[in-house]
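Shown below: model_26.cif, with mmCIF, C-alpha atoms.
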```cif
data_model
loop_
_atom_site.label_atom_id
_atom_site.label_comp_id
_atom_site.auth_asym_id
_atom_site.auth_seq_id
_atom_site.Cartn_x
_atom_site.Cartn_y
_atom_site.Cartn_z
CA MET B 1 130.83 4.24 -138.22
CA SER B 2 132.19 0.67 -138.23
CA ILE B 3 130.00 -2.42 -138.53
CA PHE B 4 131.04 -3.33 -134.97
CA CYS B 5 129.78 0.02 -133.62
CA VAL B 6 126.50 -0.30 -135.52
CA ARG B 7 126.00 -3.79 -134.14
CA LYS B 8 126.69 -2.62 -130.59
CA LYS B 9 124.26 0.26 -131.00
CA ILE B 10 121.53 -2.11 -132.20
CA GLU B 11 122.23 -4.45 -129.27
CA LEU B 12 121.94 -1.53 -126.84
CA ILE B 13 118.64 -0.41 -128.40
CA ASN B 14 117.25 -3.95 -128.16
CA PHE B 15 118.45 -4.24 -124.55
CA LEU B 16 116.70 -0.99 -123.63
CA LYS B 17 113.54 -2.28 -125.33
CA ASP B 18 113.71 -5.40 -123.15
CA ILE B 19 114.13 -3.24 -120.05
CA LYS B 20 111.06 -1.26 -121.14
CA ILE B 21 109.12 -4.49 -121.68
CA SER B 22 109.75 -5.37 -118.02
CA ARG B 23 108.06 -2.06 -117.04
CA PRO B 24 110.45 -0.58 -114.42
CA GLY B 25 107.65 1.77 -113.40
CA LEU B 26 105.64 -1.27 -112.31
CA TRP B 27 108.37 -3.19 -110.51
CA PHE B 28 107.08 -1.91 -107.18
CA PRO B 29 104.45 -4.67 -106.56
CA THR B 30 107.00 -7.51 -106.75
CA VAL B 31 109.60 -5.52 -104.77
CA TRP B 32 106.99 -4.57 -102.15
CA ILE B 33 105.80 -8.15 -101.73
CA TYR B 34 109.38 -9.52 -101.66
CA LEU B 35 110.23 -7.17 -98.76
CA VAL B 36 107.15 -7.90 -96.63
CA PRO B 37 108.54 -11.01 -94.84
CA PHE B 38 111.65 -9.14 -93.62
CA SER B 39 112.10 -7.50 -90.24
CA LEU B 40 114.65 -4.90 -89.18
CA GLU B 41 115.32 -7.11 -86.15
CA THR B 42 117.63 -9.08 -88.44
CA SER B 43 120.46 -7.60 -90.53
CA PHE B 44 119.09 -9.06 -93.75
CA TRP B 45 120.73 -6.35 -95.88
CA GLU B 46 124.14 -7.80 -94.98
CA GLN B 47 123.32 -11.07 -96.76
CA PRO B 48 124.26 -11.28 -100.47
CA ILE B 49 121.37 -13.65 -101.16
CA PHE B 50 118.91 -10.91 -100.13
CA TRP B 51 120.24 -8.62 -102.87
CA ILE B 52 120.31 -11.39 -105.46
CA GLY B 53 116.67 -12.20 -104.67
CA LEU B 54 115.77 -8.51 -104.76
CA PHE B 55 117.35 -8.17 -108.20
CA PHE B 56 115.49 -11.26 -109.40
CA VAL B 57 112.08 -9.80 -108.52
CA THR B 58 112.88 -6.62 -110.49
CA PHE B 59 113.99 -7.24 -114.06
CA PRO B 60 114.05 -11.07 -114.47
CA LEU B 61 110.67 -11.78 -112.85
CA ASN B 62 108.92 -8.80 -114.41
CA TYR B 63 110.48 -9.62 -117.79
CA LEU B 64 108.72 -12.98 -117.51
CA VAL B 65 105.41 -11.44 -116.41
CA TYR B 66 105.25 -8.55 -118.86
CA GLY B 67 107.27 -10.13 -121.66
CA LEU B 68 104.72 -12.93 -122.09
CA ASN B 69 101.96 -10.34 -121.69
CA ASP B 70 103.33 -8.15 -124.49
CA TYR B 71 104.03 -11.19 -126.68
CA ASN B 72 100.28 -11.84 -126.66
CA ASP B 73 99.03 -8.24 -126.62
CA ILE B 74 100.47 -6.74 -129.79
CA ALA B 75 97.10 -5.48 -131.08
CA SER B 76 96.07 -3.62 -127.92
CA ASP B 77 99.57 -2.28 -127.20
CA LYS B 78 99.80 -0.85 -130.72
CA VAL B 79 96.89 1.51 -129.97
CA ASN B 80 97.82 2.16 -126.33
CA ASP B 81 99.20 5.69 -126.04
CA ARG B 82 100.56 5.20 -122.51
CA LYS B 83 102.99 2.53 -123.73
CA GLY B 84 106.44 3.21 -125.16
CA ASN B 85 108.31 4.27 -122.02
CA PHE B 86 110.06 2.86 -118.95
CA LEU B 87 107.06 3.62 -116.74
CA PHE B 88 104.33 1.62 -118.50
CA GLY B 89 106.21 -0.61 -120.92
CA ALA B 90 107.45 -0.81 -124.47
CA LYS B 91 105.70 -0.58 -127.81
CA ALA B 92 107.85 -3.30 -129.31
CA SER B 93 107.54 -4.60 -132.86
CA GLN B 94 106.27 -8.08 -133.61
CA GLU B 95 109.75 -8.98 -134.87
CA HIS B 96 111.27 -8.02 -131.51
CA LEU B 97 108.55 -9.75 -129.48
CA THR B 98 108.91 -13.08 -131.31
CA LYS B 99 112.35 -13.41 -129.69
CA VAL B 100 111.14 -12.52 -126.20
CA PRO B 101 110.08 -16.02 -124.95
CA LYS B 102 113.54 -17.39 -125.78
CA LYS B 103 115.19 -14.41 -124.06
CA ILE B 104 113.00 -14.95 -120.99
CA ALA B 105 114.15 -18.56 -120.80
CA LEU B 106 117.80 -17.50 -121.08
CA VAL B 107 117.38 -14.83 -118.37
CA LEU B 108 115.51 -17.11 -115.94
CA LEU B 109 117.48 -20.35 -116.30
CA PRO B 110 120.61 -19.30 -114.34
CA PHE B 111 118.45 -18.06 -111.47
CA ILE B 112 116.35 -21.23 -111.44
CA ILE B 113 119.47 -23.37 -111.25
CA TYR B 114 121.11 -21.21 -108.59
CA PHE B 115 118.05 -20.81 -106.38
CA THR B 116 117.24 -24.54 -106.63
CA PHE B 117 120.82 -25.36 -105.62
CA LEU B 118 120.47 -23.10 -102.58
CA SER B 119 116.92 -23.91 -101.47
CA GLY B 120 116.12 -27.34 -102.90
CA VAL B 121 113.26 -28.93 -104.76
CA TYR B 122 110.58 -26.76 -103.14
CA MET B 123 112.17 -23.71 -104.72
CA LEU B 124 112.19 -25.46 -108.11
CA LEU B 125 108.48 -26.25 -107.76
CA LEU B 126 107.71 -22.69 -106.68
CA LEU B 127 109.55 -21.15 -109.63
CA ALA B 128 107.93 -23.66 -112.00
CA PHE B 129 104.52 -22.66 -110.64
CA MET B 130 105.28 -18.96 -111.20
CA ILE B 131 106.15 -19.72 -114.83
CA VAL B 132 103.11 -21.94 -115.37
CA ILE B 133 100.68 -19.39 -113.94
CA ASN B 134 102.00 -16.81 -116.41
CA ILE B 135 101.55 -19.26 -119.28
CA ILE B 136 97.97 -19.99 -118.18
CA TYR B 137 97.30 -16.26 -117.95
CA ASN B 138 98.59 -15.45 -121.44
CA PHE B 139 98.27 -18.47 -123.75
CA LYS B 140 95.42 -20.43 -125.27
CA PRO B 141 93.49 -22.58 -124.50
CA PHE B 142 93.43 -20.95 -121.05
CA ARG B 143 94.26 -17.27 -121.74
CA ILE B 144 92.78 -16.20 -118.42
CA LYS B 145 93.66 -12.58 -119.22
CA GLU B 146 90.53 -12.40 -121.40
CA ARG B 147 88.17 -14.34 -119.11
CA PRO B 148 86.82 -11.74 -116.68
CA PRO B 149 86.73 -11.70 -113.70
CA PHE B 150 89.30 -14.50 -113.52
CA GLU B 151 91.99 -12.21 -114.94
CA ILE B 152 91.73 -10.35 -111.63
CA CYS B 153 91.60 -13.46 -109.43
CA ILE B 154 94.74 -14.96 -110.97
CA GLN B 155 96.72 -11.96 -109.76
CA ILE B 156 97.04 -13.94 -106.52
CA GLY B 157 100.11 -15.30 -108.28
CA TYR B 158 101.92 -12.13 -107.20
CA VAL B 159 101.66 -13.28 -103.58
CA PHE B 160 103.99 -16.17 -104.39
CA THR B 161 106.77 -13.57 -104.54
CA ALA B 162 106.47 -13.46 -100.73
CA PHE B 163 106.72 -17.26 -100.55
CA PHE B 164 109.79 -17.06 -102.78
CA SER B 165 111.29 -14.50 -100.38
CA VAL B 166 110.57 -16.69 -97.35
CA LEU B 167 112.07 -19.79 -98.93
CA LEU B 168 115.14 -18.12 -100.42
CA ASN B 169 116.05 -16.15 -97.29
CA ASP B 170 115.02 -18.85 -94.78
CA LEU B 171 112.43 -16.62 -93.10
CA THR B 172 109.35 -17.33 -91.00
CA MET B 173 106.22 -17.80 -93.09
CA ILE B 174 104.04 -14.70 -93.14
CA PRO B 175 100.63 -14.88 -91.38
CA TRP B 176 97.47 -15.71 -93.34
CA GLN B 177 96.15 -12.22 -92.61
CA THR B 178 99.15 -10.75 -94.42
CA ILE B 179 98.59 -13.14 -97.34
CA LEU B 180 94.99 -11.94 -97.61
CA TYR B 181 96.08 -8.29 -97.54
CA LEU B 182 98.69 -8.88 -100.25
CA THR B 183 96.10 -10.66 -102.38
CA LEU B 184 93.76 -7.66 -102.23
CA PHE B 185 96.75 -5.40 -102.97
CA ALA B 186 97.52 -7.44 -106.12
CA PHE B 187 93.86 -7.29 -107.24
CA GLN B 188 93.71 -3.53 -106.73
CA ALA B 189 96.97 -2.87 -108.59
CA HIS B 190 95.75 -4.89 -111.59
CA ILE B 191 92.38 -3.14 -111.67
CA ALA B 192 94.12 0.25 -111.76
CA GLY B 193 95.86 -0.83 -114.96
CA GLU B 194 92.61 -2.06 -116.50
CA ILE B 195 90.95 1.29 -115.85
CA MET B 196 93.72 3.09 -117.74
CA ASP B 197 93.55 0.61 -120.64
CA ILE B 198 89.80 0.54 -121.33
CA GLU B 199 89.98 2.41 -124.65
CA PRO B 200 92.87 0.47 -126.27
CA ASP B 201 91.47 -2.83 -124.97
CA ARG B 202 88.09 -2.10 -126.54
CA LEU B 203 89.73 -1.07 -129.81
CA ALA B 204 91.55 -4.41 -129.86
CA ASN B 205 88.40 -6.35 -128.82
CA LYS B 206 90.13 -7.49 -125.65
CA LYS B 207 87.78 -8.53 -122.85
CA THR B 208 88.56 -7.42 -119.32
CA THR B 209 86.43 -6.75 -116.27
CA ALA B 210 86.83 -3.01 -116.91
CA THR B 211 85.71 -3.21 -120.56
CA LEU B 212 82.65 -5.24 -119.54
CA ILE B 213 81.35 -3.28 -116.54
CA GLY B 214 82.66 0.17 -117.52
CA ARG B 215 85.00 2.73 -116.01
CA LYS B 216 82.82 3.96 -113.14
CA ASN B 217 81.80 0.49 -111.93
CA THR B 218 85.42 -0.66 -112.08
CA LYS B 219 86.40 2.30 -109.93
CA TYR B 220 83.69 1.29 -107.45
CA LEU B 221 85.18 -2.22 -107.39
CA MET B 222 88.61 -0.76 -106.76
CA LEU B 223 87.18 1.40 -103.98
CA VAL B 224 85.68 -1.66 -102.27
CA LEU B 225 89.08 -3.38 -102.34
CA LEU B 226 90.78 -0.25 -100.97
CA LEU B 227 88.30 -0.03 -98.10
CA LEU B 228 88.78 -3.74 -97.30
CA GLU B 229 92.55 -3.24 -97.27
CA THR B 230 92.17 -0.18 -95.06
CA TYR B 231 90.00 -2.16 -92.61
CA ILE B 232 92.49 -5.04 -92.48
CA LEU B 233 95.42 -2.72 -91.86
CA ALA B 234 93.65 -0.63 -89.22
CA ILE B 235 91.84 -3.40 -87.33
CA TRP B 236 93.82 -6.60 -87.89
CA PHE B 237 97.29 -5.03 -87.79
CA GLN B 238 96.62 -1.70 -86.04
CA ASP B 239 98.83 -0.12 -88.70
CA TYR B 240 97.27 3.31 -88.87
CA ILE B 241 100.03 4.73 -91.08
CA LEU B 242 99.50 2.30 -93.99
CA ALA B 243 95.75 2.44 -93.39
CA GLY B 244 96.01 6.22 -93.64
CA PHE B 245 97.83 5.90 -97.00
CA LEU B 246 94.97 3.84 -98.38
CA GLY B 247 92.35 6.03 -96.72
CA ILE B 248 93.72 9.08 -98.56
CA PHE B 249 93.78 7.07 -101.79
CA SER B 250 90.14 6.08 -101.20
CA ILE B 251 89.13 9.71 -100.74
CA TRP B 252 90.94 10.62 -103.95
CA LEU B 253 89.12 7.83 -105.80
CA LEU B 254 85.77 9.14 -104.54
CA LEU B 255 86.66 12.62 -105.82
CA ASP B 256 87.82 11.04 -109.10
CA VAL B 257 84.46 9.26 -109.57
CA PHE B 258 82.11 12.02 -108.45
CA VAL B 259 83.95 15.30 -109.12
CA PHE B 260 86.99 15.28 -111.38
CA PHE B 261 86.97 12.54 -114.03
CA LYS B 262 83.72 10.58 -113.63
CA GLU B 263 83.47 8.61 -116.91
CA LYS B 264 86.25 10.51 -118.70
CA PRO B 265 89.49 8.68 -119.60
CA TYR B 266 92.78 9.94 -118.22
CA SER B 267 95.23 11.71 -120.51
CA VAL B 268 98.69 10.19 -121.03
CA ALA B 269 100.26 13.00 -118.97
CA GLN B 270 97.83 12.31 -116.11
CA MET B 271 98.54 8.56 -116.24
CA LYS B 272 102.28 9.22 -116.09
CA LEU B 273 101.74 11.51 -113.10
CA PHE B 274 99.68 8.79 -111.38
CA GLY B 275 102.43 6.27 -112.16
CA ILE B 276 105.10 8.45 -110.56
CA ALA B 277 102.86 9.04 -107.54
CA MET B 278 102.27 5.28 -107.18
CA ASN B 279 106.01 4.64 -107.14
CA LEU B 280 106.67 7.34 -104.55
CA SER B 281 103.87 6.12 -102.28
CA ALA B 282 105.05 2.50 -102.73
CA LEU B 283 108.59 3.48 -101.70
CA ALA B 284 107.34 5.32 -98.62
CA SER B 285 105.02 2.45 -97.61
CA MET B 286 107.81 -0.15 -98.13
CA LEU B 287 110.11 1.75 -95.79
CA TRP B 288 107.37 2.07 -93.21
CA ALA B 289 106.41 -1.63 -93.44
CA LEU B 290 110.05 -2.63 -92.89
CA TYR B 291 110.49 -0.16 -90.03
CA SER B 292 107.28 -1.01 -88.19
CA GLY B 293 107.10 -4.76 -88.87
CA LYS B 294 103.36 -4.57 -88.27
CA LEU B 295 102.45 -6.69 -91.30
CA LEU B 296 104.21 -9.61 -89.61
CA HIS B 297 102.29 -9.31 -86.36
CA PRO B 298 98.49 -9.23 -86.70
CA VAL B 299 96.56 -8.55 -83.52
CA PHE B 300 93.40 -10.23 -84.83
#
```
Go ahead and render the structure in this file as structure tokens.
Amino acid sequence: MSIFCVRKKIELINFLKDIKISRPGLWFPTVWIYLVPFSLETSFWEQPIFWIGLFFVTFPLNYLVYGLNDYNDIASDKVNDRKGNFLFGAKASQEHLTKVPKKIALVLLPFIIYFTFLSGVYMLLLLAFMIVINIIYNFKPFRIKERPPFEICIQIGYVFTAFFSVLLNDLTMIPWQTILYLTLFAFQAHIAGEIMDIEPDRLANKKTTATLIGRKNTKYLMLVLLLLETYILAIWFQDYILAGFLGIFSIWLLLDVFVFFKEKPYSVAQMKLFGIAMNLSALASMLWALYSGKLLHPVF
């Protein structure tokens, strides 16, 4: 095998590692939130900028979010058995991760320039804020990720994906009720990850809300958020389909807490199954949200 072929093979391996770092199995929150401001009343899918923005909130944005996360989480990721795949993220070496911040900058810069050219200084400020909030989350002296419960609260940063969508695609701003729902959605999605990571986080002495209050209490917290989301969808938006999705999820969580798992950790196979189920339900709920448009028209 020639030196050229070896080099290309190494580059491909490193590229696939970077894709894994961005966690394709967890792209659905940014994609979901990006799509919320759209309505089928407009032919948005015919606009190239829609697809460019959609691509941005998959790999580039999640490479920023999870790349900085992994850069600062080497100890806990090393002992995390669910990592090392495209669903939950890579188990990258320290040598590989030291290059990640520079790669993030190189990936983001063309988009920042292009989106700022299209949408002006407000877009530049919005993108700068999204970068800063990830720095505050991951790096000292702030390192909010280990200051419970603020590591949950800061997940409101995900909602700015909707603001990005509105600004880039020149859409009507989403209602405050929708913003509140998306905030609770971001909190709940983060808590689900903390529940699965309790053991490796404790082994690495990483503080999270889940490691402090325990598995069962964290599930109760998640259940409260799910019930609040269900109420908002059913009463404020009269969206009984999405509310039904979350109602079924709430029933499952009750069975999880009181019947099936209780205080037991999930196996890797079970976590992968949950991850696949989350992606399938996210896809179905995205299509429904676009079709119905109910999240854009609260009745309360």
Distance of CA of Leu168 (chain B) from CA of Ala289 (chain B), expressed in Å to one decimal place: 19.9 Å
Can you tell me, as number ranges by chain, what residues are no more than 10 Å from Asn85 (chain B) when counting all atoms listed in the file, ignoring any on the same chain fewer than 2 positions away? B: 17, 19-21, 23-25, 82-83, 87-91, 272
Ground truth for the PyMOL selection byres ((chain B and resi 32) around 12), written as a count of residues only: 35
Residues near region 133-141 of chain B, cut-off 9 Å, all atoms listed in the file, skip fewer than 4 positions along chain, as a ChimeraX atom specification: /B:64-65,68-69,71-73,128-129,145-146,151,154,157
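Between CA of Glu199 (chain B) and CA of Lys78 (chain B) there is a distance of 12.0 Å.
Excluding Leu108 (chain B) and any residue on its chain fewer than 6 positions from it, the residues at most 10 Å away by all atoms listed in the file are Phe56, Pro60, Leu61, Tyr63, Leu64, Leu127 and Ile131 of chain B.
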Do you know which residues the PyMOL selection byres ((chain B and resi 200) around 10) returns on this file, as a PyMOL selection string? chain B and resi 75-82+196-199+201-206+211
Min atom-atom distance to Thr209 (chain B) from the set B:Asp170, B:Gly244, B:Pro149, B:Ile195, counting only C-alpha atoms, belongs to B:Pro149
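For the atom pair formed by CA of Lys262 (chain B) and CA of Phe86 (chain B), the distance is 28.0 Å, given to one decimal.
Using only C-alpha atoms, the shortest contact distance between Gln94 (chain B) and any of B:Ile74, B:Leu167, B:His297, B:Pro110 is found at B:Ile74.
This file gives the following result for the PyMOL selection byres ((chain B and resi 13-15) around 12): Val6, Arg7, Lys8, Lys9, Ile10, Glu11, Leu12, Leu16, Lys17, Asp18, Ile19, Lys20, Ile21, Ser22, Phe59, Tyr63, Ala90, Ala92, Ser93, Glu95, His96, Leu97, Lys99, Val100 and Lys103 of chain B.
Compared by their closest atoms to Tyr291 (chain B), and using all atoms listed in the file, the residues B:Ile251, B:Val259, B:Ile241, B:Ile104 rank with B:Ile241 nearest.
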Find, counting only C-alpha atoms, the residue in B:Phe274, B:Phe261, B:Phe300, B:Phe164 that gets nearest to Ser119 (chain B). B:Phe164
Within 8 Å of Asn169 (chain B), counting all atoms listed in the file, which residues qualify if same-chain residues fewer than 3 places away don't, as a CSV table (one decimal) with C-alpha atoms, in the coordinates of the input?
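Output contents, as saved in out37.csv:
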```
chain,number,residue,atom,x,y,z
B,49,ILE,CA,121.4,-13.6,-101.2
B,50,PHE,CA,118.9,-10.9,-100.1
B,165,SER,CA,111.3,-14.5,-100.4
B,166,VAL,CA,110.6,-16.7,-97.4
```
Per-axis box centre and lengths in Å around region 7-24 of chain B, 4 Å margin per side, axis-aligned, as AutoDock Vina command-line options:
```
--center_x 117.4 --center_y -2.6 --center_z -124.3 --size_x 26.6 --size_y 13.7 --size_z 27.7
```
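Compared by their closest atoms to Phe163 (chain B), and using only C-alpha atoms, the residues B:Tyr240, B:Ile191, B:Phe150, B:Leu125 rank with B:Leu125 nearest.
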